Amino acid sequence: MKLEQFLKNNADWVKNYLDNEASYFENLSKGQTPEALYIGCSDSRVSPELFMGAAPGDIFVHRNIANVIGTDDTSVQSVIEYAVGHLKVNHIIVCGHYGCGGIQAALSGNDFGKLNPWLSHLKAVHNKHKQEIDGIENPHDQLKRFVELNVLEQVNNALENKLIKTAVDQKELKIHPWVFDLTSGKIVVL
Ligand SMILES: [Zn+2]
């Protein structure tokens, strides 16, 4: 889709919402109480609002390459702080996707220049699960398993955040490890 189309689509989108509810945007602008924090990959094909059927205001979103929750990443940690500490979301969804380019890059061992520091987060996951991942013969299955293990490891990273850990322990927050399957469009719950 070309860029000009995005603006045209926006005008149509606004009209649709207003036709349905004249005060829609006025109400939307009053505040947010999202049900969940979604942390996923930046991949252009993995659009959480679309595949979850979520409306504006439903999910607080953070996306980066291969859905990493770096314990020292001020961006994701700030998003968590705001979503959990202030917005009091009930759920955190950590969502990877099969066919993830970030995971593929980390597995390849190639030099990706300025991407290397980011890929080191994923290489750490690989190293931790080297025996299992490297033991899978089919490269397709190997990649799929790496994607799943990465999601589970990022959930572990999330639990290192004290705010999250406390909210989970007090049963005020649940964490959900998901993988989006590009080939079927379906969510796989791990
Ligand atoms: Zn990806």
# chains A, B, ... in the order shown; residues from 1 in each chain; ligands from 1
$ residues_near_ligand --ligand "ligand 1" --cutoff "9 Å" --atoms "only C-alpha atoms and all ligand atoms" --output "PDB file with all heavy atoms, in the first residue's frame"
ATOM      1  N   GLY A  40       5.244  -7.121  21.747  1.00  0.00           N
ATOM      2  CA  GLY A  40       5.424  -7.997  20.587  1.00  0.00           C
ATOM      3  C   GLY A  40       6.514  -7.513  19.660  1.00  0.00           C
ATOM      4  O   GLY A  40       7.232  -6.550  19.960  1.00  0.00           O
ATOM      5  N   CYS A  41       6.625  -8.187  18.523  1.00  0.00           N
ATOM      6  CA  CYS A  41       7.660  -7.861  17.535  1.00  0.00           C
ATOM      7  C   CYS A  41       7.190  -6.721  16.623  1.00  0.00           C
ATOM      8  O   CYS A  41       6.002  -6.545  16.381  1.00  0.00           O
ATOM      9  CB  CYS A  41       7.980  -9.099  16.692  1.00  0.00           C
ATOM     10  SG  CYS A  41       9.318  -8.820  15.494  1.00  0.00           S
ATOM     11  N   SER A  42       8.152  -5.955  16.118  1.00  0.00           N
ATOM     12  CA  SER A  42       7.854  -4.826  15.210  1.00  0.00           C
ATOM     13  C   SER A  42       7.455  -5.278  13.810  1.00  0.00           C
ATOM     14  O   SER A  42       7.040  -4.444  13.001  1.00  0.00           O
ATOM     15  CB  SER A  42       9.086  -3.930  15.080  1.00  0.00           C
ATOM     16  OG  SER A  42       9.432  -3.382  16.316  1.00  0.00           O
ATOM     17  N   ASP A  43       7.592  -6.554  13.523  1.00  0.00           N
ATOM     18  CA  ASP A  43       7.307  -7.079  12.182  1.00  0.00           C
ATOM     19  C   ASP A  43       5.992  -6.521  11.630  1.00  0.00           C
ATOM     20  O   ASP A  43       4.968  -6.533  12.311  1.00  0.00           O
ATOM     21  CB  ASP A  43       7.234  -8.613  12.259  1.00  0.00           C
ATOM     22  CG  ASP A  43       7.227  -9.258  10.889  1.00  0.00           C
ATOM     23  OD1 ASP A  43       6.286  -8.978  10.116  1.00  0.00           O
ATOM     24  OD2 ASP A  43       8.148 -10.029  10.583  1.00  0.00           O
ATOM     25  N   SER A  44       6.045  -6.042  10.386  1.00  0.00           N
ATOM     26  CA  SER A  44       4.888  -5.360   9.767  1.00  0.00           C
ATOM     27  C   SER A  44       3.681  -6.276   9.588  1.00  0.00           C
ATOM     28  O   SER A  44       2.565  -5.803   9.401  1.00  0.00           O
ATOM     29  CB  SER A  44       5.298  -4.787   8.404  1.00  0.00           C
ATOM     30  OG  SER A  44       5.687  -5.831   7.535  1.00  0.00           O
ATOM     31  N   ARG A  45       3.924  -7.579   9.640  1.00  0.00           N
ATOM     32  CA  ARG A  45       2.811  -8.518   9.413  1.00  0.00           C
ATOM     33  C   ARG A  45       2.094  -8.906  10.690  1.00  0.00           C
ATOM     34  O   ARG A  45       1.073  -9.588  10.666  1.00  0.00           O
ATOM     35  CB  ARG A  45       3.349  -9.786   8.730  1.00  0.00           C
ATOM     36  CG  ARG A  45       4.025  -9.522   7.394  1.00  0.00           C
ATOM     37  CD  ARG A  45       4.897 -10.678   6.975  1.00  0.00           C
ATOM     38  NE  ARG A  45       6.006 -10.881   7.911  1.00  0.00           N
ATOM     39  CZ  ARG A  45       6.914 -11.843   7.819  1.00  0.00           C
ATOM     40  NH1 ARG A  45       6.849 -12.709   6.823  1.00  0.00           N
ATOM     41  NH2 ARG A  45       7.891 -11.947   8.714  1.00  0.00           N
ATOM     42  N   VAL A  46       2.680  -8.494  11.817  1.00  0.00           N
ATOM     43  CA  VAL A  46       2.137  -8.925  13.110  1.00  0.00           C
ATOM     44  C   VAL A  46       1.462  -7.725  13.781  1.00  0.00           C
ATOM     45  O   VAL A  46       2.062  -7.013  14.579  1.00  0.00           O
ATOM     46  CB  VAL A  46       3.263  -9.517  13.994  1.00  0.00           C
ATOM     47  CG1 VAL A  46       2.697 -10.098  15.281  1.00  0.00           C
ATOM     48  CG2 VAL A  46       4.042 -10.576  13.229  1.00  0.00           C
ATOM     49  N   ASN A  64       9.222  -4.190  19.607  1.00  0.00           N
ATOM     50  CA  ASN A  64      10.616  -4.045  19.181  1.00  0.00           C
ATOM     51  C   ASN A  64      10.996  -5.313  18.425  1.00  0.00           C
ATOM     52  O   ASN A  64      10.170  -6.239  18.312  1.00  0.00           O
ATOM     53  CB  ASN A  64      11.536  -3.769  20.389  1.00  0.00           C
ATOM     54  CG  ASN A  64      11.524  -4.879  21.429  1.00  0.00           C
ATOM     55  OD1 ASN A  64      11.418  -6.067  21.090  1.00  0.00           O
ATOM     56  ND2 ASN A  64      11.623  -4.520  22.696  1.00  0.00           N
ATOM     57  N   ILE A  65      12.198  -5.367  17.914  1.00  0.00           N
ATOM     58  CA  ILE A  65      12.612  -6.542  17.142  1.00  0.00           C
ATOM     59  C   ILE A  65      12.662  -7.767  18.048  1.00  0.00           C
ATOM     60  O   ILE A  65      13.373  -7.779  19.058  1.00  0.00           O
ATOM     61  CB  ILE A  65      13.972  -6.300  16.455  1.00  0.00           C
ATOM     62  CG1 ILE A  65      13.825  -5.218  15.383  1.00  0.00           C
ATOM     63  CG2 ILE A  65      14.514  -7.594  15.847  1.00  0.00           C
ATOM     64  CD1 ILE A  65      15.124  -4.832  14.694  1.00  0.00           C
ATOM     65  N   ALA A  66      11.847  -8.758  17.713  1.00  0.00           N
ATOM     66  CA  ALA A  66      11.794 -10.054  18.395  1.00  0.00           C
ATOM     67  C   ALA A  66      11.310  -9.961  19.850  1.00  0.00           C
ATOM     68  O   ALA A  66      11.716 -10.752  20.693  1.00  0.00           O
ATOM     69  CB  ALA A  66      13.126 -10.793  18.307  1.00  0.00           C
ATOM     70  N   ASN A  67      10.432  -8.956  20.113  1.00  0.00           N
ATOM     71  CA  ASN A  67       9.744  -8.877  21.421  1.00  0.00           C
ATOM     72  C   ASN A  67      10.644  -9.157  22.627  1.00  0.00           C
ATOM     73  O   ASN A  67      10.366 -10.037  23.437  1.00  0.00           O
ATOM     74  CB  ASN A  67       8.513  -9.799  21.450  1.00  0.00           C
ATOM     75  CG  ASN A  67       8.716 -11.144  20.767  1.00  0.00           C
ATOM     76  OD1 ASN A  67       8.560 -11.260  19.544  1.00  0.00           O
ATOM     77  ND2 ASN A  67       9.106 -12.140  21.541  1.00  0.00           N
ATOM     78  N   GLY A  96       5.467 -13.530  20.486  1.00  0.00           N
ATOM     79  CA  GLY A  96       6.431 -13.698  19.397  1.00  0.00           C
ATOM     80  C   GLY A  96       5.675 -14.125  18.147  1.00  0.00           C
ATOM     81  O   GLY A  96       4.448 -14.174  18.137  1.00  0.00           O
ATOM     82  N   HIS A  97       6.400 -14.425  17.097  1.00  0.00           N
ATOM     83  CA  HIS A  97       5.731 -14.939  15.895  1.00  0.00           C
ATOM     84  C   HIS A  97       6.681 -15.846  15.135  1.00  0.00           C
ATOM     85  O   HIS A  97       7.892 -15.596  15.086  1.00  0.00           O
ATOM     86  CB  HIS A  97       5.248 -13.789  15.000  1.00  0.00           C
ATOM     87  CG  HIS A  97       6.356 -13.004  14.381  1.00  0.00           C
ATOM     88  ND1 HIS A  97       6.773 -13.186  13.079  1.00  0.00           N
ATOM     89  CD2 HIS A  97       7.161 -12.040  14.891  1.00  0.00           C
ATOM     90  CE1 HIS A  97       7.763 -12.349  12.823  1.00  0.00           C
ATOM     91  NE2 HIS A  97       8.033 -11.648  13.901  1.00  0.00           N
ATOM     92  N   TYR A  98       6.107 -16.914  14.569  1.00  0.00           N
ATOM     93  CA  TYR A  98       6.914 -17.813  13.744  1.00  0.00           C
ATOM     94  C   TYR A  98       7.413 -17.037  12.525  1.00  0.00           C
ATOM     95  O   TYR A  98       6.756 -16.135  12.056  1.00  0.00           O
ATOM     96  CB  TYR A  98       6.085 -19.027  13.312  1.00  0.00           C
ATOM     97  CG  TYR A  98       5.657 -19.899  14.481  1.00  0.00           C
ATOM     98  CD1 TYR A  98       4.351 -20.350  14.602  1.00  0.00           C
ATOM     99  CD2 TYR A  98       6.582 -20.252  15.467  1.00  0.00           C
ATOM    100  CE1 TYR A  98       3.964 -21.146  15.681  1.00  0.00           C
ATOM    101  CE2 TYR A  98       6.198 -21.047  16.544  1.00  0.00           C
ATOM    102  CZ  TYR A  98       4.884 -21.488  16.646  1.00  0.00           C
ATOM    103  OH  TYR A  98       4.508 -22.257  17.716  1.00  0.00           O
ATOM    104  N   GLY A  99       8.596 -17.383  12.052  1.00  0.00           N
ATOM    105  CA  GLY A  99       9.183 -16.687  10.911  1.00  0.00           C
ATOM    106  C   GLY A  99       9.772 -15.343  11.293  1.00  0.00           C
ATOM    107  O   GLY A  99       9.880 -14.450  10.449  1.00  0.00           O
ATOM    108  N   CYS A 100      10.153 -15.185  12.562  1.00  0.00           N
ATOM    109  CA  CYS A 100      10.681 -13.901  13.046  1.00  0.00           C
ATOM    110  C   CYS A 100      12.097 -13.658  12.505  1.00  0.00           C
ATOM    111  O   CYS A 100      13.009 -14.461  12.732  1.00  0.00           O
ATOM    112  CB  CYS A 100      10.690 -13.895  14.573  1.00  0.00           C
ATOM    113  SG  CYS A 100      11.254 -12.316  15.262  1.00  0.00           S
ATOM    114  N   GLY A 101      12.274 -12.541  11.796  1.00  0.00           N
ATOM    115  CA  GLY A 101      13.570 -12.213  11.204  1.00  0.00           C
ATOM    116  C   GLY A 101      14.654 -11.985  12.246  1.00  0.00           C
ATOM    117  O   GLY A 101      15.819 -12.309  12.008  1.00  0.00           O
ATOM    118  N   GLY A 102      14.268 -11.433  13.403  1.00  0.00           N
ATOM    119  CA  GLY A 102      15.235 -11.195  14.479  1.00  0.00           C
ATOM    120  C   GLY A 102      15.794 -12.505  15.009  1.00  0.00           C
ATOM    121  O   GLY A 102      17.006 -12.642  15.248  1.00  0.00           O
ATOM    122  N   ILE A 103      14.904 -13.477  15.174  1.00  0.00           N
ATOM    123  CA  ILE A 103      15.319 -14.792  15.663  1.00  0.00           C
ATOM    124  C   ILE A 103      16.198 -15.481  14.614  1.00  0.00           C
ATOM    125  O   ILE A 103      17.229 -16.074  14.944  1.00  0.00           O
ATOM    126  CB  ILE A 103      14.071 -15.658  15.986  1.00  0.00           C
ATOM    127  CG1 ILE A 103      13.270 -15.030  17.145  1.00  0.00           C
ATOM    128  CG2 ILE A 103      14.452 -17.096  16.286  1.00  0.00           C
ATOM    129  CD1 ILE A 103      13.912 -15.122  18.498  1.00  0.00           C
ATOM    130  N   GLN A 104      15.796 -15.358  13.356  1.00  0.00           N
ATOM    131  CA  GLN A 104      16.581 -15.938  12.257  1.00  0.00           C
ATOM    132  C   GLN A 104      17.991 -15.360  12.228  1.00  0.00           C
ATOM    133  O   GLN A 104      18.967 -16.086  12.063  1.00  0.00           O
ATOM    134  CB  GLN A 104      15.900 -15.641  10.913  1.00  0.00           C
ATOM    135  CG  GLN A 104      14.980 -16.737  10.456  1.00  0.00           C
ATOM    136  CD  GLN A 104      14.169 -16.337   9.232  1.00  0.00           C
ATOM    137  OE1 GLN A 104      13.672 -15.211   9.149  1.00  0.00           O
ATOM    138  NE2 GLN A 104      14.023 -17.252   8.310  1.00  0.00           N
ATOM    139  N   VAL A 147      11.757 -19.389  18.588  1.00  0.00           N
ATOM    140  CA  VAL A 147      10.744 -18.335  18.771  1.00  0.00           C
ATOM    141  C   VAL A 147       9.976 -18.571  20.075  1.00  0.00           C
ATOM    142  O   VAL A 147       9.776 -17.644  20.875  1.00  0.00           O
ATOM    143  CB  VAL A 147       9.770 -18.304  17.558  1.00  0.00           C
ATOM    144  CG1 VAL A 147       8.518 -17.492  17.880  1.00  0.00           C
ATOM    145  CG2 VAL A 147      10.466 -17.728  16.334  1.00  0.00           C
TER     146      VAL A 147
END
$ residues_around --residues "range 22-32 of chain A" --least-positions-apart "4" --cutoff "10 Å" --atoms "only C-alpha atoms" --output "list of chain:residue names"
A:Val14, A:Lys15, A:Asn16, A:Tyr17, A:Leu18, A:Pro56, A:Gly57, A:Asp58, A:Ile59, A:Phe60, A:Leu87
$ select_by_dssp --residues "range 31-146 of chain A" --states "alpha helix (DSSP H)" --output "JSON, numbers by chain"
{"A": [48, 49, 50, 51, 74, 75, 76, 77, 78, 79, 80, 101, 102, 103, 104, 105, 106, 107, 108, 116, 117, 118, 119, 120, 121, 122, 123, 124, 125, 126, 127, 128, 130, 131, 132, 133, 134, 139, 140, 141, 142, 143, 144, 145, 146]}
$ residues_around --residues "Ile164 in chain A" --least-positions-apart "4" --cutoff "12 Å" --atoms "only C-alpha atoms" --output "MDAnalysis selection string"
chainID A and resid 37 77 79:85 88:92 155:160 168:175
$ write_last_selection --atoms "C-alpha atoms" --output "short mmCIF file (atom, residue, chain, number, x, y, z; two decimals), in the first residue's frame"
data_model
loop_
_atom_site.label_atom_id
_atom_site.label_comp_id
_atom_site.auth_asym_id
_atom_site.auth_seq_id
_atom_site.Cartn_x
_atom_site.Cartn_y
_atom_site.Cartn_z
CA LEU A 37 -0.14 -4.60 27.93
CA GLN A 77 10.81 -0.88 31.40
CA VAL A 79 6.24 1.10 29.29
CA ILE A 80 5.87 -1.59 31.97
CA GLU A 81 6.08 0.98 34.76
CA TYR A 82 3.30 3.05 33.23
CA ALA A 83 1.04 0.16 32.15
CA VAL A 84 1.32 -1.85 35.36
CA GLY A 85 1.95 0.87 37.93
CA LYS A 88 -3.14 -1.12 36.29
CA VAL A 89 -3.54 -3.49 33.33
CA ASN A 90 -4.90 -6.93 34.24
CA HIS A 91 -2.79 -8.85 31.73
CA ILE A 92 0.57 -8.76 29.98
CA VAL A 155 8.33 -13.74 30.33
CA ASN A 156 11.09 -14.68 32.81
CA ASN A 157 12.70 -11.30 32.15
CA ALA A 158 9.35 -9.61 32.76
CA LEU A 159 9.12 -11.33 36.14
CA GLU A 160 12.43 -9.75 37.13
CA VAL A 168 1.54 -11.42 39.72
CA ASP A 169 2.11 -12.74 43.26
CA GLN A 170 -0.93 -10.77 44.46
CA LYS A 171 -2.96 -12.19 41.56
CA GLU A 172 -3.66 -8.74 40.17
CA LEU A 173 -1.80 -9.48 36.95
CA LYS A 174 -1.39 -12.46 34.63
CA ILE A 175 1.32 -12.96 32.02
#
$ residues_around --residues "Lys130 in chain A" --least-positions-apart "6" --cutoff "12 Å" --atoms "only C-alpha atoms" --output "PyMOL selection string"
chain A and resi 107+122-124+136+142+145-146+149
$ write_last_selection --atoms "all heavy atoms" --output "JSON list (two decimals), in the first residue's frame"
[["chain", "number", "residue", "atom", "x", "y", "z"],
["A", 107, "LEU", "N", 20.12, -16.66, 15.06],
["A", 107, "LEU", "CA", 20.49, -18.06, 14.86],
["A", 107, "LEU", "C", 21.56, -18.21, 13.79],
["A", 107, "LEU", "O", 22.38, -19.12, 13.84],
["A", 107, "LEU", "CB", 19.23, -18.87, 14.48],
["A", 107, "LEU", "CG", 19.32, -20.39, 14.52],
["A", 107, "LEU", "CD1", 19.67, -20.88, 15.93],
["A", 107, "LEU", "CD2", 18.00, -21.02, 14.09],
["A", 122, "LEU", "N", 19.02, -12.02, 22.03],
["A", 122, "LEU", "CA", 18.48, -13.27, 21.49],
["A", 122, "LEU", "C", 19.53, -14.37, 21.50],
["A", 122, "LEU", "O", 19.22, -15.54, 21.71],
["A", 122, "LEU", "CB", 17.97, -13.03, 20.06],
["A", 122, "LEU", "CG", 16.95, -11.89, 19.97],
["A", 122, "LEU", "CD1", 16.70, -11.49, 18.54],
["A", 122, "LEU", "CD2", 15.65, -12.27, 20.66],
["A", 123, "LYS", "N", 20.79, -13.96, 21.30],
["A", 123, "LYS", "CA", 21.87, -14.96, 21.36],
["A", 123, "LYS", "C", 21.98, -15.52, 22.77],
["A", 123, "LYS", "O", 22.35, -16.68, 22.96],
["A", 123, "LYS", "CB", 23.18, -14.33, 20.89],
["A", 123, "LYS", "CG", 23.19, -14.18, 19.37],
["A", 123, "LYS", "CD", 24.48, -13.60, 18.84],
["A", 123, "LYS", "CE", 24.40, -13.53, 17.32],
["A", 123, "LYS", "NZ", 25.42, -12.64, 16.75],
["A", 124, "ALA", "N", 21.67, -14.69, 23.76],
["A", 124, "ALA", "CA", 21.70, -15.17, 25.15],
["A", 124, "ALA", "C", 20.64, -16.26, 25.36],
["A", 124, "ALA", "O", 20.88, -17.25, 26.06],
["A", 124, "ALA", "CB", 21.45, -14.00, 26.11],
["A", 136, "ILE", "N", 17.71, -29.79, 17.22],
["A", 136, "ILE", "CA", 16.59, -29.96, 16.28],
["A", 136, "ILE", "C", 17.14, -29.94, 14.86],
["A", 136, "ILE", "O", 17.78, -28.98, 14.43],
["A", 136, "ILE", "CB", 15.53, -28.84, 16.48],
["A", 136, "ILE", "CG1", 14.97, -28.89, 17.91],
["A", 136, "ILE", "CG2", 14.41, -28.97, 15.45],
["A", 136, "ILE", "CD1", 14.11, -27.70, 18.31],
["A", 142, "GLN", "N", 13.52, -25.83, 14.11],
["A", 142, "GLN", "CA", 14.51, -25.23, 14.99],
["A", 142, "GLN", "C", 14.17, -23.76, 15.26],
["A", 142, "GLN", "O", 14.17, -23.30, 16.39],
["A", 142, "GLN", "CB", 15.88, -25.33, 14.31],
["A", 142, "GLN", "CG", 17.05, -24.98, 15.19],
["A", 142, "GLN", "CD", 18.36, -25.07, 14.43],
["A", 142, "GLN", "OE1", 18.44, -24.66, 13.27],
["A", 142, "GLN", "NE2", 19.37, -25.59, 15.07],
["A", 145, "ARG", "N", 11.00, -23.39, 17.42],
["A", 145, "ARG", "CA", 11.24, -23.65, 18.84],
["A", 145, "ARG", "C", 11.99, -22.47, 19.49],
["A", 145, "ARG", "O", 11.72, -22.10, 20.63],
["A", 145, "ARG", "CB", 12.02, -24.96, 19.02],
["A", 145, "ARG", "CG", 12.17, -25.40, 20.46],
["A", 145, "ARG", "CD", 10.81, -25.63, 21.12],
["A", 145, "ARG", "NE", 10.97, -25.91, 22.55],
["A", 145, "ARG", "CZ", 10.10, -25.52, 23.49],
["A", 145, "ARG", "NH1", 9.01, -24.85, 23.17],
["A", 145, "ARG", "NH2", 10.32, -25.82, 24.75],
["A", 146, "PHE", "N", 12.93, -21.91, 18.74],
["A", 146, "PHE", "CA", 13.68, -20.74, 19.23],
["A", 146, "PHE", "C", 12.70, -19.59, 19.50],
["A", 146, "PHE", "O", 12.79, -18.90, 20.53],
["A", 146, "PHE", "CB", 14.75, -20.35, 18.20],
["A", 146, "PHE", "CG", 15.79, -19.35, 18.66],
["A", 146, "PHE", "CD1", 16.88, -19.04, 17.86],
["A", 146, "PHE", "CD2", 15.69, -18.71, 19.90],
["A", 146, "PHE", "CE1", 17.84, -18.12, 18.26],
["A", 146, "PHE", "CE2", 16.66, -17.77, 20.30],
["A", 146, "PHE", "CZ", 17.72, -17.48, 19.48],
["A", 149, "LEU", "N", 10.87, -20.46, 22.74],
["A", 149, "LEU", "CA", 11.74, -20.34, 23.92],
["A", 149, "LEU", "C", 12.05, -18.87, 24.21],
["A", 149, "LEU", "O", 12.15, -18.48, 25.37],
["A", 149, "LEU", "CB", 13.04, -21.13, 23.70],
["A", 149, "LEU", "CG", 12.88, -22.65, 23.74],
["A", 149, "LEU", "CD1", 14.13, -23.34, 23.21],
["A", 149, "LEU", "CD2", 12.57, -23.13, 25.16]]
$ atom_distance --atom1 "CA of Thr71 in chain A" --atom2 "CA of Val179 in chain A"
21.2 Å
$ closest_residue --among "A:Leu3, A:Val61, A:Cys95, A:Leu182" --to "Glu153 in chain A" --atoms "only C-alpha atoms"
A:Cys95
$ closest_residue --among "A:Asn127, A:Lys2, A:Asp12, A:Tyr38" --to "Gly109 in chain A" --atoms "only C-alpha atoms"
A:Asn127
$ closest_residue --among "A:Val188, A:Leu143, A:Ala167, A:Leu119" --to "Gly70 in chain A" --atoms "only C-alpha atoms"
A:Leu119
$ closest_residue --among "A:Pro139, A:Gly113, A:Leu163, A:Ala105" --to "Ser78 in chain A" --atoms "only C-alpha atoms"
A:Leu163
$ select_by_dssp --residues "range 50-180 of chain A" --states "strand (DSSP E)" --output "ChimeraX atom specification"
/A:59-64,91-97,174-180
$ write_last_selection --atoms "N, CA, C and O atoms" --output "short mmCIF file (atom, residue, chain, number, x, y, z; two decimals), in the first residue's frame"
data_model
loop_
_atom_site.label_atom_id
_atom_site.label_comp_id
_atom_site.auth_asym_id
_atom_site.auth_seq_id
_atom_site.Cartn_x
_atom_site.Cartn_y
_atom_site.Cartn_z
N ILE A 59 -5.66 -2.14 24.23
CA ILE A 59 -4.33 -2.65 24.57
C ILE A 59 -3.27 -1.54 24.53
O ILE A 59 -3.26 -0.71 23.64
N PHE A 60 -2.41 -1.59 25.54
CA PHE A 60 -1.23 -0.71 25.61
C PHE A 60 -0.12 -1.51 24.93
O PHE A 60 0.09 -2.68 25.26
N VAL A 61 0.58 -0.88 23.97
CA VAL A 61 1.45 -1.67 23.10
C VAL A 61 2.91 -1.23 23.15
O VAL A 61 3.21 -0.03 23.14
N HIS A 62 3.79 -2.21 23.22
CA HIS A 62 5.22 -1.97 23.02
C HIS A 62 5.72 -3.00 22.02
O HIS A 62 5.47 -4.19 22.18
N ARG A 63 6.43 -2.52 21.00
CA ARG A 63 6.97 -3.46 20.00
C ARG A 63 8.43 -3.15 19.75
O ARG A 63 8.83 -1.98 19.68
N ASN A 64 9.22 -4.19 19.61
CA ASN A 64 10.62 -4.04 19.18
C ASN A 64 11.00 -5.31 18.42
O ASN A 64 10.17 -6.24 18.31
N HIS A 91 -3.53 -7.79 32.43
CA HIS A 91 -2.79 -8.85 31.73
C HIS A 91 -1.58 -8.26 30.98
O HIS A 91 -1.65 -7.13 30.51
N ILE A 92 -0.53 -9.08 30.89
CA ILE A 92 0.57 -8.76 29.98
C ILE A 92 0.65 -9.90 28.97
O ILE A 92 0.70 -11.07 29.34
N ILE A 93 0.62 -9.55 27.70
CA ILE A 93 0.77 -10.54 26.63
C ILE A 93 2.16 -10.36 26.04
O ILE A 93 2.51 -9.26 25.58
N VAL A 94 2.96 -11.43 26.10
CA VAL A 94 4.27 -11.41 25.43
C VAL A 94 4.11 -12.27 24.18
O VAL A 94 3.87 -13.48 24.29
N CYS A 95 4.17 -11.63 23.02
CA CYS A 95 3.82 -12.34 21.79
C CYS A 95 4.95 -12.34 20.77
O CYS A 95 5.34 -11.29 20.26
N GLY A 96 5.47 -13.53 20.49
CA GLY A 96 6.43 -13.70 19.40
C GLY A 96 5.68 -14.13 18.15
O GLY A 96 4.45 -14.17 18.14
N HIS A 97 6.40 -14.43 17.10
CA HIS A 97 5.73 -14.94 15.89
C HIS A 97 6.68 -15.85 15.14
O HIS A 97 7.89 -15.60 15.09
N LYS A 174 -1.77 -11.17 35.22
CA LYS A 174 -1.39 -12.46 34.63
C LYS A 174 -0.53 -12.21 33.40
O LYS A 174 -0.79 -11.28 32.64
N ILE A 175 0.47 -13.08 33.21
CA ILE A 175 1.32 -12.96 32.02
C ILE A 175 1.01 -14.11 31.06
O ILE A 175 0.91 -15.27 31.49
N HIS A 176 0.87 -13.78 29.80
CA HIS A 176 0.47 -14.77 28.80
C HIS A 176 1.52 -14.88 27.69
O HIS A 176 1.74 -13.92 26.95
N PRO A 177 2.17 -16.05 27.57
CA PRO A 177 3.12 -16.24 26.47
C PRO A 177 2.39 -16.73 25.21
O PRO A 177 1.81 -17.81 25.21
N TRP A 178 2.46 -15.93 24.16
CA TRP A 178 1.78 -16.26 22.90
C TRP A 178 2.76 -16.25 21.74
O TRP A 178 3.77 -15.56 21.76
N VAL A 179 2.39 -17.03 20.71
CA VAL A 179 3.09 -16.92 19.42
C VAL A 179 2.03 -16.71 18.34
O VAL A 179 1.01 -17.43 18.33
N PHE A 180 2.24 -15.74 17.48
CA PHE A 180 1.34 -15.53 16.36
C PHE A 180 1.86 -16.34 15.18
O PHE A 180 3.02 -16.21 14.80
#
$ decode --residues "range 7-17 of chain A" --atoms "N, CA, C and O atoms" --output "JSON list (two decimals), in the first residue's frame"
[["chain", "number", "residue", "atom", "x", "y", "z"],
["A", 7, "LEU", "N", -3.43, 8.16, 4.42],
["A", 7, "LEU", "CA", -4.16, 9.37, 4.82],
["A", 7, "LEU", "C", -5.62, 9.30, 4.36],
["A", 7, "LEU", "O", -6.53, 9.69, 5.09],
["A", 8, "LYS", "N", -5.80, 8.77, 3.18],
["A", 8, "LYS", "CA", -7.15, 8.62, 2.67],
["A", 8, "LYS", "C", -7.93, 7.64, 3.56],
["A", 8, "LYS", "O", -9.09, 7.89, 3.93],
["A", 9, "ASN", "N", -7.26, 6.55, 3.91],
["A", 9, "ASN", "CA", -7.90, 5.56, 4.79],
["A", 9, "ASN", "C", -8.26, 6.16, 6.14],
["A", 9, "ASN", "O", -9.29, 5.82, 6.72],
["A", 10, "ASN", "N", -7.39, 7.04, 6.63],
["A", 10, "ASN", "CA", -7.65, 7.67, 7.92],
["A", 10, "ASN", "C", -8.94, 8.49, 7.87],
["A", 10, "ASN", "O", -9.77, 8.42, 8.79],
["A", 11, "ALA", "N", -9.11, 9.24, 6.79],
["A", 11, "ALA", "CA", -10.32, 10.06, 6.64],
["A", 11, "ALA", "C", -11.56, 9.17, 6.63],
["A", 11, "ALA", "O", -12.57, 9.47, 7.29],
["A", 12, "ASP", "N", -11.47, 8.03, 5.92],
["A", 12, "ASP", "CA", -12.61, 7.10, 5.86],
["A", 12, "ASP", "C", -12.88, 6.49, 7.23],
["A", 12, "ASP", "O", -14.03, 6.31, 7.64],
["A", 13, "TRP", "N", -11.80, 6.17, 7.93],
["A", 13, "TRP", "CA", -11.89, 5.53, 9.25],
["A", 13, "TRP", "C", -12.59, 6.47, 10.24],
["A", 13, "TRP", "O", -13.49, 6.06, 10.97],
["A", 14, "VAL", "N", -12.18, 7.75, 10.23],
["A", 14, "VAL", "CA", -12.79, 8.74, 11.11],
["A", 14, "VAL", "C", -14.29, 8.85, 10.81],
["A", 14, "VAL", "O", -15.13, 8.83, 11.71],
["A", 15, "LYS", "N", -14.60, 8.91, 9.51],
["A", 15, "LYS", "CA", -16.01, 9.05, 9.10],
["A", 15, "LYS", "C", -16.84, 7.86, 9.59],
["A", 15, "LYS", "O", -17.94, 8.03, 10.14],
["A", 16, "ASN", "N", -16.28, 6.66, 9.43],
["A", 16, "ASN", "CA", -16.99, 5.45, 9.87],
["A", 16, "ASN", "C", -17.31, 5.48, 11.35],
["A", 16, "ASN", "O", -18.42, 5.17, 11.77],
["A", 17, "TYR", "N", -16.29, 5.84, 12.15],
["A", 17, "TYR", "CA", -16.50, 5.88, 13.60],
["A", 17, "TYR", "C", -17.53, 6.94, 13.98],
["A", 17, "TYR", "O", -18.40, 6.70, 14.80]]
